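Below is upload_12.pdb, holding PDB, C-alpha atoms.
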ATOM      1  CA  MET A   1     -10.035   5.735  13.021
ATOM      2  CA  SER A   2     -12.088   2.674  12.373
ATOM      3  CA  GLN A   3     -10.477   0.454   9.755
ATOM      4  CA  LYS A   4      -6.739   0.006   9.203
ATOM      5  CA  VAL A   5      -5.040  -0.798   5.909
ATOM      6  CA  ILE A   6      -1.415  -1.209   4.821
ATOM      7  CA  PHE A   7       0.188   0.191   1.696
ATOM      8  CA  ASP A   8       2.998  -2.067   0.499
ATOM      9  CA  THR A   9       6.081  -0.746  -1.284
ATOM     10  CA  ASN A  10       4.562  -0.587  -4.766
ATOM     11  CA  PHE A  11       1.504   1.373  -3.577
ATOM     12  CA  LEU A  12       3.628   3.817  -1.578
ATOM     13  CA  THR A  13       5.981   4.195  -4.549
ATOM     14  CA  TYR A  14       3.045   5.239  -6.722
ATOM     15  CA  PHE A  15       3.009   8.623  -4.923
ATOM     16  CA  SER A  16       6.477   9.474  -6.226
ATOM     17  CA  ASP A  17       6.403   7.754  -9.592
ATOM     18  CA  SER A  18       2.908   7.389 -11.011
ATOM     19  CA  ASN A  19       4.430   6.900 -14.466
ATOM     20  CA  GLY A  20       6.286   3.749 -13.422
ATOM     21  CA  SER A  21       5.513   0.236 -14.548
ATOM     22  CA  TYR A  22       2.545  -1.023 -12.558
ATOM     23  CA  ALA A  23       0.538  -4.215 -12.985
ATOM     24  CA  PHE A  24      -2.572  -2.587 -14.400
ATOM     25  CA  GLU A  25      -4.558  -3.252 -17.568
ATOM     26  CA  PRO A  26      -7.201  -0.597 -18.352
ATOM     27  CA  GLU A  27     -10.665  -1.948 -19.074
ATOM     28  CA  ASP A  28     -11.185   0.731 -21.735
ATOM     29  CA  GLU A  29      -9.640   4.003 -22.970
ATOM     30  CA  ASN A  30     -11.261   5.973 -20.115
ATOM     31  CA  ASP A  31      -9.914   3.694 -17.386
ATOM     32  CA  LEU A  32      -6.936   5.423 -15.754
ATOM     33  CA  LEU A  33      -4.915   4.115 -12.826
ATOM     34  CA  ASP A  34      -4.438   7.698 -11.546
ATOM     35  CA  GLU A  35      -8.195   8.065 -11.218
ATOM     36  CA  ARG A  36      -8.622   4.696  -9.506
ATOM     37  CA  PHE A  37      -5.810   5.535  -7.088
ATOM     38  CA  ASP A  38      -7.230   8.991  -6.279
ATOM     39  CA  TYR A  39     -10.642   7.419  -5.746
ATOM     40  CA  LEU A  40      -9.123   4.884  -3.330
ATOM     41  CA  LEU A  41      -7.514   7.695  -1.312
ATOM     42  CA  GLU A  42     -10.776   9.620  -1.317
ATOM     43  CA  ARG A  43     -12.725   6.614  -0.011
ATOM     44  CA  LEU A  44     -10.142   5.782   2.662
ATOM     45  CA  SER A  45     -10.147   9.371   3.907
ATOM     46  CA  ALA A  46     -13.952   9.625   3.894
ATOM     47  CA  ALA A  47     -14.192   6.388   5.895
ATOM     48  CA  ASP A  48     -11.601   7.678   8.386
ATOM     49  CA  THR A  49      -9.389   4.696   7.550
ATOM     50  CA  GLU A  50      -5.841   4.672   8.892
ATOM     51  CA  ILE A  51      -3.236   3.947   6.218
ATOM     52  CA  ILE A  52      -0.310   2.189   7.865
ATOM     53  CA  ILE A  53       3.135   2.318   6.339
ATOM     54  CA  PRO A  54       5.330  -0.314   8.014
ATOM     55  CA  ALA A  55       8.824   1.115   8.622
ATOM     56  CA  PRO A  56      10.460  -1.606   6.465
ATOM     57  CA  VAL A  57       8.220  -0.542   3.541
ATOM     58  CA  LEU A  58       9.227   3.098   3.928
ATOM     59  CA  ALA A  59      12.894   2.059   4.101
ATOM     60  CA  GLU A  60      12.563   0.027   0.908
ATOM     61  CA  VAL A  61      10.877   2.896  -0.926
ATOM     62  CA  LEU A  62      13.418   5.475   0.211
ATOM     63  CA  SER A  63      16.358   3.222  -0.675
ATOM     64  CA  ALA A  64      15.178   2.986  -4.294
ATOM     65  CA  LYS A  65      16.249   5.538  -6.868
ATOM     66  CA  HIS A  66      13.130   7.675  -7.144
ATOM     67  CA  LYS A  67      13.344  11.238  -8.298
ATOM     68  CA  ASN A  68      10.510  12.350  -6.002
ATOM     69  CA  GLN A  69      11.352  10.814  -2.623
ATOM     70  CA  GLY A  70      10.532  14.107  -0.911
ATOM     71  CA  THR A  71       6.971  13.768  -2.177
ATOM     72  CA  ILE A  72       6.490  10.585  -0.170
ATOM     73  CA  ILE A  73       7.806  12.121   3.036
ATOM     74  CA  ASP A  74       5.686  15.267   2.525
ATOM     75  CA  LEU A  75       2.596  13.196   1.834
ATOM     76  CA  ILE A  76       3.011  11.081   4.954
ATOM     77  CA  ASN A  77       3.696  14.125   7.117
ATOM     78  CA  GLU A  78       0.699  16.054   5.766
ATOM     79  CA  ALA A  79      -1.866  13.244   5.577
ATOM     80  CA  ASP A  80      -4.001  12.931   8.697
ATOM     81  CA  ASN A  81      -4.760   9.271   8.080
ATOM     82  CA  MET A  82      -1.290   7.984   7.097
ATOM     83  CA  ASN A  83       1.128   6.732   9.754
ATOM     84  CA  ILE A  84       4.548   5.113   9.759
ATOM     85  CA  ILE A  85       4.635   2.189  12.178
ATOM     86  CA  ALA A  86       7.989   1.207  13.678
ATOM     87  CA  PHE A  87       8.950  -2.459  13.874
ATOM     88  CA  ASP A  88       8.686  -3.280  17.584
ATOM     89  CA  ALA A  89       8.918  -6.200  20.023
ATOM     90  CA  ARG A  90       5.315  -7.355  19.462
ATOM     91  CA  GLN A  91       5.897  -7.486  15.711
ATOM     92  CA  SER A  92       9.171  -9.348  16.287
ATOM     93  CA  ILE A  93       7.342 -12.050  18.228
ATOM     94  CA  GLU A  94       4.658 -12.297  15.523
ATOM     95  CA  PHE A  95       7.339 -12.388  12.820
ATOM     96  CA  GLY A  96       9.083 -15.301  14.574
ATOM     97  CA  TYR A  97       5.811 -17.200  14.803
ATOM     98  CA  LEU A  98       5.003 -16.558  11.125
ATOM     99  CA  PHE A  99       8.512 -17.502  10.012
ATOM    100  CA  ARG A 100       8.342 -20.838  11.832
ATOM    101  CA  ASN A 101       4.818 -21.626  10.614
ATOM    102  CA  THR A 102       4.684 -20.349   7.027
ATOM    103  CA  ASN A 103       6.014 -22.325   4.088
ATOM    104  CA  ARG A 104       8.117 -20.433   1.580
ATOM    105  CA  ASP A 105       7.152 -20.906  -2.072
ATOM    106  CA  SER A 106       9.975 -22.349  -4.170
ATOM    107  CA  ASP A 107       9.969 -19.281  -6.451
ATOM    108  CA  HIS A 108      10.159 -16.846  -3.504
ATOM    109  CA  SER A 109      13.620 -15.706  -2.392
ATOM    110  CA  ARG A 110      14.437 -15.983   1.297
ATOM    111  CA  ASN A 111      14.798 -12.191   1.628
ATOM    112  CA  ALA A 112      11.490 -11.456  -0.154
ATOM    113  CA  PHE A 113       9.814 -14.108   2.009
ATOM    114  CA  LYS A 114      11.112 -12.498   5.204
ATOM    115  CA  PHE A 115      10.143  -9.026   4.018
ATOM    116  CA  ASP A 116       6.581 -10.191   3.310
ATOM    117  CA  LEU A 117       6.417 -11.680   6.799
ATOM    118  CA  LEU A 118       7.546  -8.347   8.323
ATOM    119  CA  ILE A 119       4.573  -6.674   6.631
ATOM    120  CA  LEU A 120       2.198  -9.435   7.714
ATOM    121  CA  ALA A 121       3.479  -9.268  11.301
ATOM    122  CA  CYS A 122       2.712  -5.540  11.315
ATOM    123  CA  ALA A 123      -0.750  -6.256   9.906
ATOM    124  CA  LYS A 124      -1.532  -8.873  12.559
ATOM    125  CA  VAL A 125      -0.294  -6.801  15.493
ATOM    126  CA  HIS A 126      -2.126  -3.641  14.410
ATOM    127  CA  GLY A 127      -5.413  -5.254  13.386
ATOM    128  CA  VAL A 128      -5.116  -4.469   9.678
ATOM    129  CA  SER A 129      -7.988  -5.764   7.554
ATOM    130  CA  VAL A 130      -6.659  -4.912   4.061
ATOM    131  CA  ILE A 131      -3.243  -4.814   2.382
ATOM    132  CA  TYR A 132      -2.789  -2.947  -0.894
ATOM    133  CA  THR A 133       0.005  -4.612  -2.839
ATOM    134  CA  ALA A 134       0.946  -5.705  -6.334
ATOM    135  CA  ASP A 135       3.071  -8.533  -4.879
ATOM    136  CA  LYS A 136       1.243 -11.771  -5.726
ATOM    137  CA  GLN A 137       3.048 -13.807  -3.083
ATOM    138  CA  LEU A 138       2.252 -11.279  -0.339
ATOM    139  CA  ARG A 139      -1.358 -11.280  -1.504
ATOM    140  CA  ARG A 140      -1.557 -15.082  -1.245
ATOM    141  CA  LYS A 141      -0.058 -15.093   2.245
ATOM    142  CA  ALA A 142      -2.347 -12.278   3.417
ATOM    143  CA  GLU A 143      -5.427 -14.056   2.120
ATOM    144  CA  ARG A 144      -4.370 -17.272   3.919
ATOM    145  CA  MET A 145      -4.309 -15.167   7.101
ATOM    146  CA  GLU A 146      -7.795 -13.837   6.284
ATOM    147  CA  ILE A 147      -6.493 -10.361   5.443
ATOM    148  CA  GLN A 148      -7.960  -8.963   2.239
ATOM    149  CA  ALA A 149      -5.368  -8.020  -0.371
ATOM    150  CA  TYR A 150      -5.909  -5.771  -3.379
ATOM    151  CA  SER A 151      -3.712  -5.010  -6.363
ATOM    152  CA  PHE A 152      -3.797  -1.975  -8.647
ATOM    153  CA  GLN A 153      -6.110  -3.908 -10.951
ATOM    154  CA  ASP A 154      -8.543  -4.518  -8.080
ATOM    155  CA  LEU A 155      -9.014  -0.815  -7.321
ATOM    156  CA  GLU A 156     -12.532   0.410  -7.953
ATOM    157  CA  ARG A 157     -13.312   2.713 -10.826
ATOM    158  CA  ILE A 158     -14.850   6.077 -10.121
ATOM    159  CA  PRO A 159     -18.649   5.953 -10.295
ATOM    160  CA  SER A 160     -20.040   7.776 -13.314
ATOM    161  CA  ASN A 161     -21.622  10.509 -11.143
ATOM    162  CA  SER A 162     -18.252  11.564  -9.608
ATOM    163  CA  PRO A 163     -16.105  14.484 -10.850
ATOM    164  CA  LYS A 164     -14.033  13.527 -13.886
ATOM    165  CA  THR A 165     -10.837  15.480 -13.321
ATOM    166  CA  SER A 166      -8.270  14.441 -10.737
ATOM    167  CA  GLU A 167      -7.983  18.068  -9.549
ATOM    168  CA  ASP A 168     -11.626  17.911  -8.449
ATOM    169  CA  ARG A 169     -10.978  14.755  -6.399
ATOM    170  CA  ASP A 170      -7.357  15.094  -5.299
ATOM    171  CA  LEU A 171      -7.281  14.957  -1.490
ATOM    172  CA  PHE A 172      -3.584  15.566  -1.282
ATOM    173  CA  SER A 173      -2.345  18.779  -2.863
ATOM    174  CA  ILE A 174       1.259  17.627  -2.997
ATOM    175  CA  GLU A 175       2.634  17.755  -6.500
ATOM    176  CA  CYS A 176       4.580  14.761  -7.737
ATOM    177  CA  GLN A 177       6.563  16.908 -10.177
ATOM    178  CA  ARG A 178       9.184  18.229  -7.739
TER     179      ARG A 178
END
Translate the structure described by the file into C-alpha cells.
Amino acid sequence: MSQKVIFDTNFLTYFSDSNGSYAFEPEDENDLLDERFDYLLERLSAADTEIIIPAPVLAEVLSAKHKNQGTIIDLINEADNMNIIAFDARQSIEFGYLFRNTNRDSDHSRNAFKFDLLILACAKVHGVSVIYTADKQLRRKAERMEIQAYSFQDLERIPSNSPKTSEDRDLFSIECQR
C-alpha cells in the first residue's frame, strides 16, 4: 500500500450511524454526504491506500452507544485496506515528545488534548499523510505537523460521469441496518 490515512472517531462512527449529526452542509439538494463518503472509500481503495484505525479511536467508537457496533467490526475485518493499529512503545515515545512540545488550546480539555496527541503520535510513527476528522482542534494540530486533515465538508463530490446510486459504487457490501 502506498499512502496511509487515519480515520478519526467521527469518520469511523459514520459506518455505524450515517444518520447521526455530522458537520456537513450540502452545497445543493443533490449533494449527499453518503455519496461523498462512498466516493472517498472508492478512491482510497482504488489508490491502494491503507486506512489506519488507531486502537484508541476504535475503543472510543465501541464505547459509545451505537446500535450498529457490529457493522464497524465487520467492516474492518472484511476491508483489505483497513487496519487497526495498536498503541505501542514507538507511539508512546512520540506521544511524550508531542505532549511536552505542543501547547493546549484554552478551550481544549486535557483529556481531549491527550487523545488528539495519541492519534497524532500514531500518524507520525506510521507515516500517515492525511487524517479524516471533524475535530477542528485535531485538524489544526495535524496541519501544524504538516499532515493534511479533511472534514466531512472537505470530501470531494462525485464527478458527474460517475454512477449516481450508492449501490453502484458501494465497495463494502456490509449493511448498516443490522
* Residue nearest Ala23 of chain A - candidates A:Arg144, A:Lys136, A:Arg110, A:His126, atoms counted: all atoms listed in the file -> A:Lys136
* To do: Specify as a list in words each residue included when the PyMOL selection byres ((chain A and resi 35-51) around 8) is applied to this file.
  => Met1, Ser2, Gln3, Lys4, Val5, Ile6, Phe7, Asp31, Leu32, Leu33, Asp34, Ile52, Ile53, Asn81, Met82, Asn83, Phe152, Leu155, Glu156, Arg157, Ile158, Ser166, Arg169, Asp170 and Leu171 of chain A
* To do: Expand the PyMOL selection byres ((chain A and resi 70-77) around 7) into the individual residues it matches in the shown file, reporting them as an MDAnalysis selection string.
  => chainID A and resid 15:16 68:69 78:79 82:83 174 176
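Put simply, atom CA of Arg100 of chain A is 15.5 Å away from atom CA of Lys124 of chain A.
Between atom CA of Gln148 of chain A and atom CA of Val125 of chain A the separation is 15.5 Å.
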* Given the choices A:Ala55, A:Tyr150, A:Tyr14, A:Asn101, which gets closest to Thr133 of chain A if the distance is worked out from all atoms listed in the file? -> A:Tyr150
Spatial neighbours of segment 87-95 of chain A, 8 Å, only C-alpha atoms, chain gap at least 2 places, as an mmCIF file with C-alpha atoms, in the frame of the given file:
data_model
loop_
_atom_site.group_PDB
_atom_site.id
_atom_site.type_symbol
_atom_site.label_atom_id
_atom_site.label_comp_id
_atom_site.auth_asym_id
_atom_site.auth_seq_id
_atom_site.Cartn_x
_atom_site.Cartn_y
_atom_site.Cartn_z
ATOM 1 C CA PRO A 54 5.330 -0.314 8.014
ATOM 2 C CA ALA A 55 8.824 1.115 8.622
ATOM 3 C CA PRO A 56 10.460 -1.606 6.465
ATOM 4 C CA ILE A 85 4.635 2.189 12.178
ATOM 5 C CA TYR A 97 5.811 -17.200 14.803
ATOM 6 C CA LEU A 98 5.003 -16.558 11.125
ATOM 7 C CA PHE A 99 8.512 -17.502 10.012
ATOM 8 C CA LEU A 117 6.417 -11.680 6.799
ATOM 9 C CA LEU A 118 7.546 -8.347 8.323
ATOM 10 C CA LEU A 120 2.198 -9.435 7.714
ATOM 11 C CA ALA A 121 3.479 -9.268 11.301
ATOM 12 C CA CYS A 122 2.712 -5.540 11.315
ATOM 13 C CA LYS A 124 -1.532 -8.873 12.559
ATOM 14 C CA VAL A 125 -0.294 -6.801 15.493
#
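Taking atom CA of Asp8 of chain A and atom CA of Met145 of chain A as the two end points, the separation is 16.4 Å.
The shortest atom-to-atom distance to Ser160 of chain A, with only C-alpha atoms taken into account, belongs to A:Asn30 out of A:Asn103, A:Glu60, A:Asn30, A:Leu12.
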I'd like the box whose edges run along x, y and z of the file and which contains every listed atom of segment 118-121 of chain A, padded by 4 Å per side; could you state its centre and edge lengths in Å, one decimal, as AutoDock Vina command-line options?
--center_x 4.9 --center_y -8.1 --center_z 9.0 --size_x 13.3 --size_y 10.8 --size_z 12.7
* Choose the residue, out of A:Pro159, A:Ser129, A:Lys141, A:Glu27, that has the smallest atom-to-atom separation from Thr102 of chain A; count all atoms listed in the file. => A:Lys141
